[in-house]
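Colleague: See coords_7.cif below, with mmCIF, N, CA and C atoms.
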```cif
data_run
loop_
_atom_site.label_atom_id
_atom_site.label_comp_id
_atom_site.auth_asym_id
_atom_site.auth_seq_id
_atom_site.Cartn_x
_atom_site.Cartn_y
_atom_site.Cartn_z
N MET A 6 15.60 -0.78 -9.94
CA MET A 6 14.91 -1.43 -8.84
C MET A 6 13.41 -1.23 -9.00
N ASN A 7 12.63 -2.13 -8.44
CA ASN A 7 11.18 -2.03 -8.52
C ASN A 7 10.65 -1.20 -7.36
N ILE A 8 9.84 -0.21 -7.72
CA ILE A 8 9.22 0.69 -6.74
C ILE A 8 7.71 0.68 -6.99
N VAL A 9 6.94 0.52 -5.93
CA VAL A 9 5.48 0.58 -6.05
C VAL A 9 5.05 2.03 -5.88
N CYS A 10 4.28 2.53 -6.85
CA CYS A 10 3.80 3.91 -6.80
C CYS A 10 2.87 4.09 -5.60
N PRO A 11 3.11 5.12 -4.77
CA PRO A 11 2.24 5.34 -3.61
C PRO A 11 0.85 5.84 -3.97
N HIS A 12 0.64 6.19 -5.24
CA HIS A 12 -0.66 6.74 -5.67
C HIS A 12 -1.53 5.68 -6.34
N CYS A 13 -0.97 4.98 -7.34
CA CYS A 13 -1.78 4.02 -8.10
C CYS A 13 -1.37 2.57 -7.86
N LEU A 14 -0.29 2.35 -7.09
CA LEU A 14 0.23 1.04 -6.72
C LEU A 14 0.78 0.22 -7.90
N LYS A 15 1.05 0.89 -9.03
CA LYS A 15 1.70 0.21 -10.16
C LYS A 15 3.18 0.07 -9.84
N VAL A 16 3.79 -1.00 -10.35
CA VAL A 16 5.22 -1.24 -10.14
C VAL A 16 6.01 -0.50 -11.21
N ASN A 17 7.00 0.28 -10.76
CA ASN A 17 7.87 1.04 -11.65
C ASN A 17 9.29 0.53 -11.50
N LYS A 18 9.99 0.42 -12.60
CA LYS A 18 11.40 0.03 -12.57
C LYS A 18 12.21 1.31 -12.76
N ILE A 19 13.02 1.65 -11.75
CA ILE A 19 13.84 2.87 -11.83
C ILE A 19 15.29 2.51 -11.51
N PRO A 20 16.23 3.32 -12.01
CA PRO A 20 17.63 3.06 -11.68
C PRO A 20 17.90 3.36 -10.21
N LYS A 21 18.78 2.58 -9.61
CA LYS A 21 19.12 2.79 -8.20
C LYS A 21 20.16 3.90 -8.11
N LYS A 22 19.85 4.95 -7.33
CA LYS A 22 20.74 6.09 -7.14
C LYS A 22 20.82 6.41 -5.66
N GLU A 23 21.78 7.23 -5.30
CA GLU A 23 21.91 7.69 -3.91
C GLU A 23 20.79 8.67 -3.56
N SER A 24 20.43 9.55 -4.52
CA SER A 24 19.33 10.48 -4.29
C SER A 24 18.66 10.79 -5.63
N TYR A 25 17.45 11.28 -5.54
CA TYR A 25 16.65 11.55 -6.74
C TYR A 25 16.11 12.97 -6.69
N ALA A 26 16.27 13.70 -7.79
CA ALA A 26 15.69 15.04 -7.89
C ALA A 26 14.24 14.93 -8.35
N LYS A 27 13.97 13.92 -9.19
CA LYS A 27 12.63 13.74 -9.74
C LYS A 27 12.46 12.28 -10.13
N ALA A 28 11.31 11.73 -9.85
CA ALA A 28 10.96 10.37 -10.28
C ALA A 28 9.45 10.27 -10.31
N ASN A 29 8.90 10.05 -11.49
CA ASN A 29 7.45 9.98 -11.64
C ASN A 29 7.02 8.58 -12.07
N CYS A 30 5.81 8.24 -11.68
CA CYS A 30 5.22 6.95 -12.05
C CYS A 30 4.97 6.93 -13.56
N GLY A 31 5.32 5.82 -14.20
CA GLY A 31 5.08 5.67 -15.62
C GLY A 31 3.61 5.55 -15.96
N SER A 32 2.79 5.19 -15.00
CA SER A 32 1.37 4.99 -15.24
C SER A 32 0.54 6.25 -14.92
N CYS A 33 0.59 6.69 -13.65
CA CYS A 33 -0.27 7.82 -13.25
C CYS A 33 0.44 9.17 -13.31
N LYS A 34 1.76 9.16 -13.52
CA LYS A 34 2.60 10.36 -13.66
C LYS A 34 2.80 11.14 -12.35
N ASN A 35 2.27 10.65 -11.23
CA ASN A 35 2.52 11.30 -9.94
C ASN A 35 3.92 10.98 -9.45
N SER A 36 4.40 11.76 -8.50
CA SER A 36 5.77 11.62 -8.00
C SER A 36 5.94 10.34 -7.18
N LEU A 37 7.01 9.60 -7.48
CA LEU A 37 7.38 8.45 -6.67
C LEU A 37 8.11 8.89 -5.41
N LEU A 38 8.42 10.18 -5.33
CA LEU A 38 9.12 10.71 -4.16
C LEU A 38 8.17 11.04 -3.01
N ASP A 39 6.86 10.85 -3.23
CA ASP A 39 5.87 11.09 -2.17
C ASP A 39 6.08 10.07 -1.06
N THR A 40 6.30 10.56 0.15
CA THR A 40 6.60 9.66 1.27
C THR A 40 5.43 9.50 2.23
N THR A 41 4.27 10.02 1.88
CA THR A 41 3.10 9.86 2.74
C THR A 41 2.79 8.37 2.86
N PRO A 42 2.66 7.85 4.08
CA PRO A 42 2.35 6.42 4.23
C PRO A 42 1.07 6.03 3.49
N ILE A 43 1.10 4.86 2.90
CA ILE A 43 -0.02 4.33 2.11
C ILE A 43 -0.88 3.46 3.02
N ASN A 44 -2.19 3.61 2.94
CA ASN A 44 -3.11 2.72 3.66
C ASN A 44 -3.36 1.49 2.80
N LEU A 45 -3.08 0.32 3.37
CA LEU A 45 -3.26 -0.92 2.62
C LEU A 45 -4.41 -1.74 3.19
N ASP A 46 -4.93 -2.62 2.34
CA ASP A 46 -5.98 -3.55 2.76
C ASP A 46 -5.67 -4.93 2.18
N GLU A 47 -6.58 -5.85 2.36
CA GLU A 47 -6.36 -7.23 1.89
C GLU A 47 -6.12 -7.31 0.39
N SER A 48 -6.75 -6.43 -0.36
CA SER A 48 -6.66 -6.51 -1.82
C SER A 48 -5.30 -6.09 -2.36
N ASN A 49 -4.54 -5.28 -1.61
CA ASN A 49 -3.28 -4.77 -2.17
C ASN A 49 -2.05 -5.02 -1.30
N PHE A 50 -2.22 -5.56 -0.10
CA PHE A 50 -1.09 -5.75 0.82
C PHE A 50 0.02 -6.60 0.20
N ASP A 51 -0.32 -7.80 -0.25
CA ASP A 51 0.69 -8.71 -0.80
C ASP A 51 1.36 -8.11 -2.03
N HIS A 52 0.58 -7.46 -2.89
CA HIS A 52 1.13 -6.83 -4.11
C HIS A 52 2.22 -5.83 -3.75
N VAL A 53 1.96 -4.97 -2.78
CA VAL A 53 2.93 -3.94 -2.40
C VAL A 53 4.16 -4.56 -1.75
N VAL A 54 3.97 -5.47 -0.82
CA VAL A 54 5.10 -6.07 -0.09
C VAL A 54 5.99 -6.89 -1.02
N VAL A 55 5.39 -7.68 -1.90
CA VAL A 55 6.16 -8.56 -2.78
C VAL A 55 6.88 -7.79 -3.89
N ASN A 56 6.29 -6.70 -4.38
CA ASN A 56 6.86 -5.98 -5.52
C ASN A 56 7.79 -4.84 -5.16
N SER A 57 8.02 -4.59 -3.89
CA SER A 57 8.93 -3.51 -3.48
C SER A 57 10.33 -4.06 -3.26
N GLU A 58 11.30 -3.49 -3.95
CA GLU A 58 12.68 -3.89 -3.73
C GLU A 58 13.32 -3.08 -2.61
N ILE A 59 12.60 -2.08 -2.10
CA ILE A 59 13.07 -1.35 -0.93
C ILE A 59 12.32 -1.90 0.28
N PRO A 60 12.86 -1.74 1.48
CA PRO A 60 12.15 -2.23 2.67
C PRO A 60 10.76 -1.60 2.79
N VAL A 61 9.80 -2.41 3.21
CA VAL A 61 8.44 -1.94 3.47
C VAL A 61 8.23 -1.97 4.98
N ILE A 62 7.93 -0.81 5.55
CA ILE A 62 7.70 -0.67 6.98
C ILE A 62 6.19 -0.60 7.19
N VAL A 63 5.62 -1.62 7.82
CA VAL A 63 4.16 -1.70 8.00
C VAL A 63 3.79 -1.39 9.44
N ASP A 64 2.91 -0.42 9.60
CA ASP A 64 2.37 -0.06 10.92
C ASP A 64 0.97 -0.66 11.03
N PHE A 65 0.84 -1.71 11.85
CA PHE A 65 -0.47 -2.29 12.15
C PHE A 65 -1.03 -1.52 13.34
N TRP A 66 -2.17 -0.87 13.17
CA TRP A 66 -2.71 0.05 14.18
C TRP A 66 -4.23 -0.07 14.22
N ALA A 67 -4.84 0.64 15.18
CA ALA A 67 -6.31 0.74 15.26
C ALA A 67 -6.65 2.15 15.76
N PRO A 68 -7.79 2.69 15.32
CA PRO A 68 -8.16 4.05 15.67
C PRO A 68 -8.43 4.27 17.17
N TRP A 69 -8.77 3.21 17.90
CA TRP A 69 -9.08 3.35 19.33
C TRP A 69 -7.82 3.23 20.20
N CYS A 70 -6.68 2.95 19.62
CA CYS A 70 -5.44 2.67 20.35
C CYS A 70 -4.68 3.96 20.65
N GLY A 71 -4.52 4.28 21.93
CA GLY A 71 -3.81 5.49 22.35
C GLY A 71 -2.37 5.54 21.87
N PRO A 72 -1.55 4.49 22.11
CA PRO A 72 -0.18 4.51 21.62
C PRO A 72 -0.09 4.62 20.09
N CYS A 73 -1.08 4.06 19.38
CA CYS A 73 -1.10 4.18 17.91
C CYS A 73 -1.29 5.64 17.50
N LYS A 74 -2.19 6.33 18.20
CA LYS A 74 -2.44 7.74 17.91
C LYS A 74 -1.20 8.58 18.19
N MET A 75 -0.47 8.22 19.26
CA MET A 75 0.76 8.95 19.59
C MET A 75 1.83 8.70 18.54
N MET A 76 1.90 7.49 18.00
CA MET A 76 2.96 7.15 17.07
C MET A 76 2.67 7.58 15.63
N SER A 77 1.43 7.80 15.28
CA SER A 77 1.08 8.14 13.90
C SER A 77 1.84 9.34 13.36
N PRO A 78 1.90 10.48 14.08
CA PRO A 78 2.67 11.61 13.53
C PRO A 78 4.17 11.32 13.45
N ILE A 79 4.68 10.49 14.35
CA ILE A 79 6.09 10.10 14.31
C ILE A 79 6.35 9.26 13.07
N PHE A 80 5.47 8.31 12.79
CA PHE A 80 5.57 7.45 11.61
C PHE A 80 5.57 8.31 10.34
N ASN A 81 4.65 9.28 10.28
CA ASN A 81 4.57 10.18 9.12
C ASN A 81 5.83 11.03 8.99
N GLU A 82 6.32 11.55 10.10
CA GLU A 82 7.50 12.42 10.10
C GLU A 82 8.75 11.65 9.65
N VAL A 83 8.96 10.48 10.20
CA VAL A 83 10.15 9.70 9.86
C VAL A 83 10.08 9.25 8.40
N SER A 84 8.90 8.96 7.89
CA SER A 84 8.77 8.52 6.49
C SER A 84 9.32 9.56 5.52
N GLN A 85 9.27 10.84 5.90
CA GLN A 85 9.73 11.92 5.03
C GLN A 85 11.21 11.81 4.68
N LYS A 86 11.99 11.15 5.52
CA LYS A 86 13.44 11.06 5.32
C LYS A 86 13.84 9.92 4.38
N TYR A 87 12.89 9.10 3.93
CA TYR A 87 13.25 7.87 3.23
C TYR A 87 12.63 7.74 1.83
N ALA A 88 12.55 8.83 1.10
CA ALA A 88 12.00 8.77 -0.26
C ALA A 88 12.81 7.80 -1.12
N LEU A 89 12.15 6.81 -1.68
CA LEU A 89 12.72 5.78 -2.54
C LEU A 89 13.82 4.95 -1.85
N LYS A 90 13.83 4.98 -0.51
CA LYS A 90 14.75 4.14 0.26
C LYS A 90 13.97 3.12 1.09
N ALA A 91 12.78 3.52 1.55
CA ALA A 91 11.88 2.63 2.29
C ALA A 91 10.45 3.09 2.01
N LEU A 92 9.53 2.14 2.02
CA LEU A 92 8.12 2.45 1.78
C LEU A 92 7.38 2.25 3.09
N PHE A 93 6.68 3.29 3.54
CA PHE A 93 5.94 3.26 4.80
C PHE A 93 4.46 3.05 4.49
N VAL A 94 3.87 2.02 5.10
CA VAL A 94 2.46 1.71 4.88
C VAL A 94 1.76 1.46 6.22
N LYS A 95 0.45 1.63 6.20
CA LYS A 95 -0.35 1.45 7.42
C LYS A 95 -1.47 0.46 7.14
N VAL A 96 -1.78 -0.35 8.16
CA VAL A 96 -2.91 -1.28 8.08
C VAL A 96 -3.76 -1.07 9.33
N ASN A 97 -5.01 -0.65 9.11
CA ASN A 97 -5.96 -0.46 10.19
C ASN A 97 -6.53 -1.84 10.54
N THR A 98 -6.10 -2.38 11.67
CA THR A 98 -6.50 -3.74 12.05
C THR A 98 -7.98 -3.83 12.43
N GLU A 99 -8.60 -2.71 12.72
CA GLU A 99 -10.04 -2.69 13.01
C GLU A 99 -10.82 -2.99 11.72
N GLU A 100 -10.37 -2.39 10.61
CA GLU A 100 -11.02 -2.58 9.32
C GLU A 100 -10.50 -3.81 8.59
N GLN A 101 -9.26 -4.17 8.83
CA GLN A 101 -8.60 -5.27 8.12
C GLN A 101 -8.28 -6.41 9.09
N GLN A 102 -9.31 -6.95 9.71
CA GLN A 102 -9.12 -7.97 10.74
C GLN A 102 -8.47 -9.24 10.18
N ASN A 103 -8.75 -9.56 8.93
CA ASN A 103 -8.14 -10.76 8.34
C ASN A 103 -6.62 -10.60 8.20
N LEU A 104 -6.17 -9.39 7.86
CA LEU A 104 -4.72 -9.16 7.77
C LEU A 104 -4.08 -9.25 9.15
N GLY A 105 -4.75 -8.68 10.15
CA GLY A 105 -4.25 -8.77 11.51
C GLY A 105 -4.11 -10.22 11.96
N ALA A 106 -5.09 -11.04 11.61
CA ALA A 106 -5.05 -12.46 11.97
C ALA A 106 -3.98 -13.20 11.17
N LYS A 107 -3.91 -12.92 9.88
CA LYS A 107 -2.94 -13.59 9.00
C LYS A 107 -1.50 -13.36 9.47
N TYR A 108 -1.21 -12.14 9.93
CA TYR A 108 0.15 -11.81 10.36
C TYR A 108 0.31 -11.88 11.88
N GLN A 109 -0.67 -12.50 12.53
CA GLN A 109 -0.61 -12.77 13.97
C GLN A 109 -0.28 -11.52 14.79
N ILE A 110 -1.04 -10.46 14.53
CA ILE A 110 -0.86 -9.22 15.28
C ILE A 110 -1.59 -9.39 16.60
N ARG A 111 -0.84 -9.44 17.68
CA ARG A 111 -1.40 -9.67 19.02
C ARG A 111 -1.51 -8.39 19.83
N SER A 112 -0.69 -7.40 19.51
CA SER A 112 -0.77 -6.11 20.20
C SER A 112 -0.50 -5.02 19.17
N ILE A 113 -1.02 -3.85 19.45
CA ILE A 113 -0.82 -2.73 18.53
C ILE A 113 -0.32 -1.53 19.32
N PRO A 114 0.44 -0.66 18.72
CA PRO A 114 0.94 -0.79 17.35
C PRO A 114 2.00 -1.88 17.25
N THR A 115 2.02 -2.54 16.11
CA THR A 115 3.09 -3.47 15.77
C THR A 115 3.66 -3.03 14.43
N LEU A 116 4.97 -2.90 14.37
CA LEU A 116 5.65 -2.58 13.13
C LEU A 116 6.33 -3.84 12.61
N ILE A 117 6.14 -4.10 11.33
CA ILE A 117 6.83 -5.22 10.69
C ILE A 117 7.62 -4.66 9.51
N VAL A 118 8.88 -5.06 9.42
CA VAL A 118 9.73 -4.67 8.30
C VAL A 118 9.79 -5.86 7.35
N TYR A 119 9.45 -5.61 6.08
CA TYR A 119 9.55 -6.62 5.04
C TYR A 119 10.67 -6.22 4.08
N LYS A 120 11.45 -7.20 3.69
CA LYS A 120 12.50 -6.96 2.71
C LYS A 120 12.44 -8.11 1.71
N ASN A 121 12.36 -7.76 0.42
CA ASN A 121 12.22 -8.76 -0.64
C ASN A 121 11.04 -9.70 -0.37
N GLY A 122 9.96 -9.13 0.15
CA GLY A 122 8.74 -9.90 0.39
C GLY A 122 8.70 -10.72 1.66
N ASN A 123 9.78 -10.69 2.44
CA ASN A 123 9.86 -11.50 3.65
C ASN A 123 9.92 -10.64 4.90
N GLU A 124 9.26 -11.10 5.95
CA GLU A 124 9.36 -10.39 7.23
C GLU A 124 10.77 -10.57 7.78
N VAL A 125 11.41 -9.44 8.12
CA VAL A 125 12.77 -9.50 8.66
C VAL A 125 12.85 -8.97 10.09
N LYS A 126 11.83 -8.23 10.53
CA LYS A 126 11.85 -7.68 11.89
C LYS A 126 10.44 -7.32 12.30
N ARG A 127 10.15 -7.51 13.59
CA ARG A 127 8.84 -7.18 14.16
C ARG A 127 9.07 -6.50 15.50
N VAL A 128 8.40 -5.37 15.70
CA VAL A 128 8.52 -4.63 16.95
C VAL A 128 7.12 -4.22 17.39
N SER A 129 6.77 -4.52 18.65
CA SER A 129 5.47 -4.11 19.18
C SER A 129 5.67 -2.93 20.12
N GLY A 130 4.70 -2.02 20.12
CA GLY A 130 4.76 -0.85 20.97
C GLY A 130 5.17 0.38 20.18
N ALA A 131 4.80 1.54 20.71
CA ALA A 131 5.12 2.81 20.05
C ALA A 131 6.62 3.08 20.12
N LEU A 132 7.14 3.65 19.04
CA LEU A 132 8.56 4.02 18.98
C LEU A 132 8.70 5.53 18.86
N ASP A 133 9.77 6.05 19.44
CA ASP A 133 10.07 7.47 19.27
C ASP A 133 10.78 7.63 17.91
N PRO A 134 10.96 8.87 17.43
CA PRO A 134 11.56 9.07 16.10
C PRO A 134 12.95 8.43 15.95
N LEU A 135 13.77 8.50 16.99
CA LEU A 135 15.11 7.94 16.91
C LEU A 135 15.08 6.41 16.77
N ARG A 136 14.25 5.76 17.57
CA ARG A 136 14.17 4.29 17.49
C ARG A 136 13.55 3.83 16.17
N LEU A 137 12.57 4.58 15.67
CA LEU A 137 11.97 4.24 14.38
C LEU A 137 12.98 4.40 13.26
N SER A 138 13.72 5.50 13.28
CA SER A 138 14.77 5.72 12.26
C SER A 138 15.83 4.63 12.32
N SER A 139 16.21 4.24 13.52
CA SER A 139 17.22 3.17 13.70
C SER A 139 16.70 1.86 13.11
N LEU A 140 15.42 1.57 13.34
CA LEU A 140 14.81 0.36 12.82
C LEU A 140 14.87 0.36 11.29
N VAL A 141 14.54 1.48 10.68
CA VAL A 141 14.57 1.58 9.21
C VAL A 141 16.00 1.47 8.70
N ASN A 142 16.92 2.23 9.30
CA ASN A 142 18.31 2.23 8.85
C ASN A 142 18.95 0.85 8.93
N GLU A 143 18.54 0.07 9.90
CA GLU A 143 19.05 -1.28 10.09
C GLU A 143 18.78 -2.18 8.88
N HIS A 144 17.75 -1.82 8.08
CA HIS A 144 17.33 -2.69 6.97
C HIS A 144 17.50 -2.04 5.60
N LEU A 145 18.18 -0.92 5.52
CA LEU A 145 18.41 -0.29 4.20
C LEU A 145 19.50 -1.02 3.44
#
```
Here is a file; write its structure as structure tokens.
Modeller:
Amino acid sequence: MNIVCPHCLKVNKIPKKESYAKANCGSCKNSLLDTTPINLDESNFDHVVVNSEIPVIVDFWAPWCGPCKMMSPIFNEVSQKYALKALFVKVNTEEQQNLGAKYQIRSIPTLIVYKNGNEVKRVSGALDPLRLSSLVNEHL
């Protein structure tokens, strides 16, 4: 399956397994098991979404948004459970206004789940860990 490296954003082809003890990027040699959400911008958003064979969970947020600040640690915590099963990314709509407009983000936080490059689910508002995990599990 194709996995986008969270460090250098190169596409890696790896065998699909239930779990992985080790998986490193063929380009930068960093671990593909790193689950820290990636910050995306206009230059790399489409590349990551289109080239990931695992679901991409996008958090559209802004630094001035109270619910976004509350959900950020939850987003980071839940991402830890999905190494090479889902890719968690963030888009700061304050800095990336064109992306916010392109994807018609009307309220924040808004989470969009992409699968095989297509939007499959959109949820607005902060989610607790259980609801976020359910959203991800629904698309694995």
Colleague: Name the residues that the PyMOL selection byres (((chain A and resi 22 and name CA) around 10) and name CA) picks from the file above, as a ChimeraX atom specification, using the file's chain letters and numbers.
Modeller: /A:6,19-21,23-25,89-90
Colleague: What would the selection look like, as a list in words, if the PyMOL selection byres (((chain A and resi 114-128 and name CA) around 8) and name CA) were run on the coordinates I just shared?
Modeller: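 This file gives the following for the PyMOL selection byres (((chain A and resi 114-128 and name CA) around 8) and name CA): Val54, Val55, Asn56, Ser57, Glu58, Ile59, Pro60, Val61, Ile62, Val63, Asp64, Phe65, Trp66, Ala67, Cys70, Pro72, Cys73, Ile110, Ser112, Ile113, Ser129, Gly130, Ala131, Val141 and His144 of chain A.
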Colleague: The selected residues should be written to file as a PDB file, in the coordinates of the input (atoms: N, CA and C atoms).
Modeller:
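Done, and the output landed in selection_11.pdb:
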```
ATOM      1  N   VAL A  54       3.970  -5.470  -0.820  1.00  0.00           N
ATOM      2  CA  VAL A  54       5.100  -6.070  -0.090  1.00  0.00           C
ATOM      3  C   VAL A  54       5.990  -6.890  -1.020  1.00  0.00           C
ATOM      4  N   VAL A  55       5.390  -7.680  -1.900  1.00  0.00           N
ATOM      5  CA  VAL A  55       6.160  -8.560  -2.780  1.00  0.00           C
ATOM      6  C   VAL A  55       6.880  -7.790  -3.890  1.00  0.00           C
ATOM      7  N   ASN A  56       6.290  -6.700  -4.380  1.00  0.00           N
ATOM      8  CA  ASN A  56       6.860  -5.980  -5.520  1.00  0.00           C
ATOM      9  C   ASN A  56       7.790  -4.840  -5.160  1.00  0.00           C
ATOM     10  N   SER A  57       8.020  -4.590  -3.890  1.00  0.00           N
ATOM     11  CA  SER A  57       8.930  -3.510  -3.480  1.00  0.00           C
ATOM     12  C   SER A  57      10.330  -4.060  -3.260  1.00  0.00           C
ATOM     13  N   GLU A  58      11.300  -3.490  -3.950  1.00  0.00           N
ATOM     14  CA  GLU A  58      12.680  -3.890  -3.730  1.00  0.00           C
ATOM     15  C   GLU A  58      13.320  -3.080  -2.610  1.00  0.00           C
ATOM     16  N   ILE A  59      12.600  -2.080  -2.100  1.00  0.00           N
ATOM     17  CA  ILE A  59      13.070  -1.350  -0.930  1.00  0.00           C
ATOM     18  C   ILE A  59      12.320  -1.900   0.280  1.00  0.00           C
ATOM     19  N   PRO A  60      12.860  -1.740   1.480  1.00  0.00           N
ATOM     20  CA  PRO A  60      12.150  -2.230   2.670  1.00  0.00           C
ATOM     21  C   PRO A  60      10.760  -1.600   2.790  1.00  0.00           C
ATOM     22  N   VAL A  61       9.800  -2.410   3.210  1.00  0.00           N
ATOM     23  CA  VAL A  61       8.440  -1.940   3.470  1.00  0.00           C
ATOM     24  C   VAL A  61       8.230  -1.970   4.980  1.00  0.00           C
ATOM     25  N   ILE A  62       7.930  -0.810   5.550  1.00  0.00           N
ATOM     26  CA  ILE A  62       7.700  -0.670   6.980  1.00  0.00           C
ATOM     27  C   ILE A  62       6.190  -0.600   7.190  1.00  0.00           C
ATOM     28  N   VAL A  63       5.620  -1.620   7.820  1.00  0.00           N
ATOM     29  CA  VAL A  63       4.160  -1.700   8.000  1.00  0.00           C
ATOM     30  C   VAL A  63       3.790  -1.390   9.440  1.00  0.00           C
ATOM     31  N   ASP A  64       2.910  -0.420   9.600  1.00  0.00           N
ATOM     32  CA  ASP A  64       2.370  -0.060  10.920  1.00  0.00           C
ATOM     33  C   ASP A  64       0.970  -0.660  11.030  1.00  0.00           C
ATOM     34  N   PHE A  65       0.840  -1.710  11.850  1.00  0.00           N
ATOM     35  CA  PHE A  65      -0.470  -2.290  12.150  1.00  0.00           C
ATOM     36  C   PHE A  65      -1.030  -1.520  13.340  1.00  0.00           C
ATOM     37  N   TRP A  66      -2.170  -0.870  13.170  1.00  0.00           N
ATOM     38  CA  TRP A  66      -2.710   0.050  14.180  1.00  0.00           C
ATOM     39  C   TRP A  66      -4.230  -0.070  14.220  1.00  0.00           C
ATOM     40  N   ALA A  67      -4.840   0.640  15.180  1.00  0.00           N
ATOM     41  CA  ALA A  67      -6.310   0.740  15.260  1.00  0.00           C
ATOM     42  C   ALA A  67      -6.650   2.150  15.760  1.00  0.00           C
ATOM     43  N   CYS A  70      -6.680   2.950  19.620  1.00  0.00           N
ATOM     44  CA  CYS A  70      -5.440   2.670  20.350  1.00  0.00           C
ATOM     45  C   CYS A  70      -4.680   3.960  20.650  1.00  0.00           C
ATOM     46  N   PRO A  72      -1.550   4.490  22.110  1.00  0.00           N
ATOM     47  CA  PRO A  72      -0.180   4.510  21.620  1.00  0.00           C
ATOM     48  C   PRO A  72      -0.090   4.620  20.090  1.00  0.00           C
ATOM     49  N   CYS A  73      -1.080   4.060  19.380  1.00  0.00           N
ATOM     50  CA  CYS A  73      -1.100   4.180  17.910  1.00  0.00           C
ATOM     51  C   CYS A  73      -1.290   5.640  17.500  1.00  0.00           C
ATOM     52  N   ILE A 110      -1.040 -10.460  14.530  1.00  0.00           N
ATOM     53  CA  ILE A 110      -0.860  -9.220  15.280  1.00  0.00           C
ATOM     54  C   ILE A 110      -1.590  -9.390  16.600  1.00  0.00           C
ATOM     55  N   SER A 112      -0.690  -7.400  19.510  1.00  0.00           N
ATOM     56  CA  SER A 112      -0.770  -6.110  20.200  1.00  0.00           C
ATOM     57  C   SER A 112      -0.500  -5.020  19.170  1.00  0.00           C
ATOM     58  N   ILE A 113      -1.020  -3.850  19.450  1.00  0.00           N
ATOM     59  CA  ILE A 113      -0.820  -2.730  18.530  1.00  0.00           C
ATOM     60  C   ILE A 113      -0.320  -1.530  19.320  1.00  0.00           C
ATOM     61  N   SER A 129       6.770  -4.520  18.650  1.00  0.00           N
ATOM     62  CA  SER A 129       5.470  -4.110  19.180  1.00  0.00           C
ATOM     63  C   SER A 129       5.670  -2.930  20.120  1.00  0.00           C
ATOM     64  N   GLY A 130       4.700  -2.020  20.120  1.00  0.00           N
ATOM     65  CA  GLY A 130       4.760  -0.850  20.970  1.00  0.00           C
ATOM     66  C   GLY A 130       5.170   0.380  20.180  1.00  0.00           C
ATOM     67  N   ALA A 131       4.800   1.540  20.710  1.00  0.00           N
ATOM     68  CA  ALA A 131       5.120   2.810  20.050  1.00  0.00           C
ATOM     69  C   ALA A 131       6.620   3.080  20.120  1.00  0.00           C
ATOM     70  N   VAL A 141      14.540   1.480  10.680  1.00  0.00           N
ATOM     71  CA  VAL A 141      14.570   1.580   9.210  1.00  0.00           C
ATOM     72  C   VAL A 141      16.000   1.470   8.700  1.00  0.00           C
ATOM     73  N   HIS A 144      17.750  -1.820   8.080  1.00  0.00           N
ATOM     74  CA  HIS A 144      17.330  -2.690   6.970  1.00  0.00           C
ATOM     75  C   HIS A 144      17.500  -2.040   5.600  1.00  0.00           C
TER      76      HIS A 144
END
```
Colleague: Nearest to A:Glu82 among A:Val53, A:Ile43, A:Ala106, A:Leu137, with distances taken over only C-alpha atoms: which residue is it?
Modeller: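 Nearest candidate to A:Glu82 out of A:Val53, A:Ile43, A:Ala106, A:Leu137: A:Leu137.
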Colleague: Figure out the distance between atom CA of A:Cys10 and atom CA of A:Ala91, please, to one decimal in Å.
Modeller: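 Separation of atom CA of A:Ala91 and atom CA of A:Cys10: 12.2 Å.
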Colleague: Quick one: DSSP strand (DSSP E or B) residues in stretch 53-87 of chain A, as a list in words?
Modeller: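 These are the residues in question: Val61, Ile62, Val63, Asp64, Phe65 and Trp66 of chain A.
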Colleague: Using DSSP on the backbone, list every residue of stretch 28-129 of chain A that comes out as helix (DSSP H, G or I), and give them as a PyMOL selection string.
Modeller: chain A and resi 50-56+71-84+102-107
Colleague: Record the distance separating atom CA of A:Asn97 and atom CA of A:Ala28, expressed in Å with one decimal.
Modeller: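 Atom CA of A:Asn97 sits 28.7 Å away from atom CA of A:Ala28.
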Colleague: What separation in Å, quoted to one decimal, exists between atom CA of A:Lys95 and atom CA of A:Ser77?
Modeller: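 Between atom CA of A:Lys95 and atom CA of A:Ser77 the gap works out to 9.4 Å.
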Colleague: Using only N, CA and C atoms, which of the listed residues (A:Pro68, A:Gly105, A:Pro11, A:Pro134) sits closest to A:Ser36?
Modeller: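 Of all the options, A:Pro11 lies closest to A:Ser36.
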Colleague: Name the residues that the PyMOL selection byres (((chain A and resi 47 and name CA) around 10) and name CA) pulls out of this structure, and write them as a count of residues only.
Modeller: 14
Colleague: Of the residues A:Met75, A:Leu135, A:Ala88, A:Val83, which is the one nearest to A:Ala26, using only C-alpha atoms?
Modeller: A:Ala88
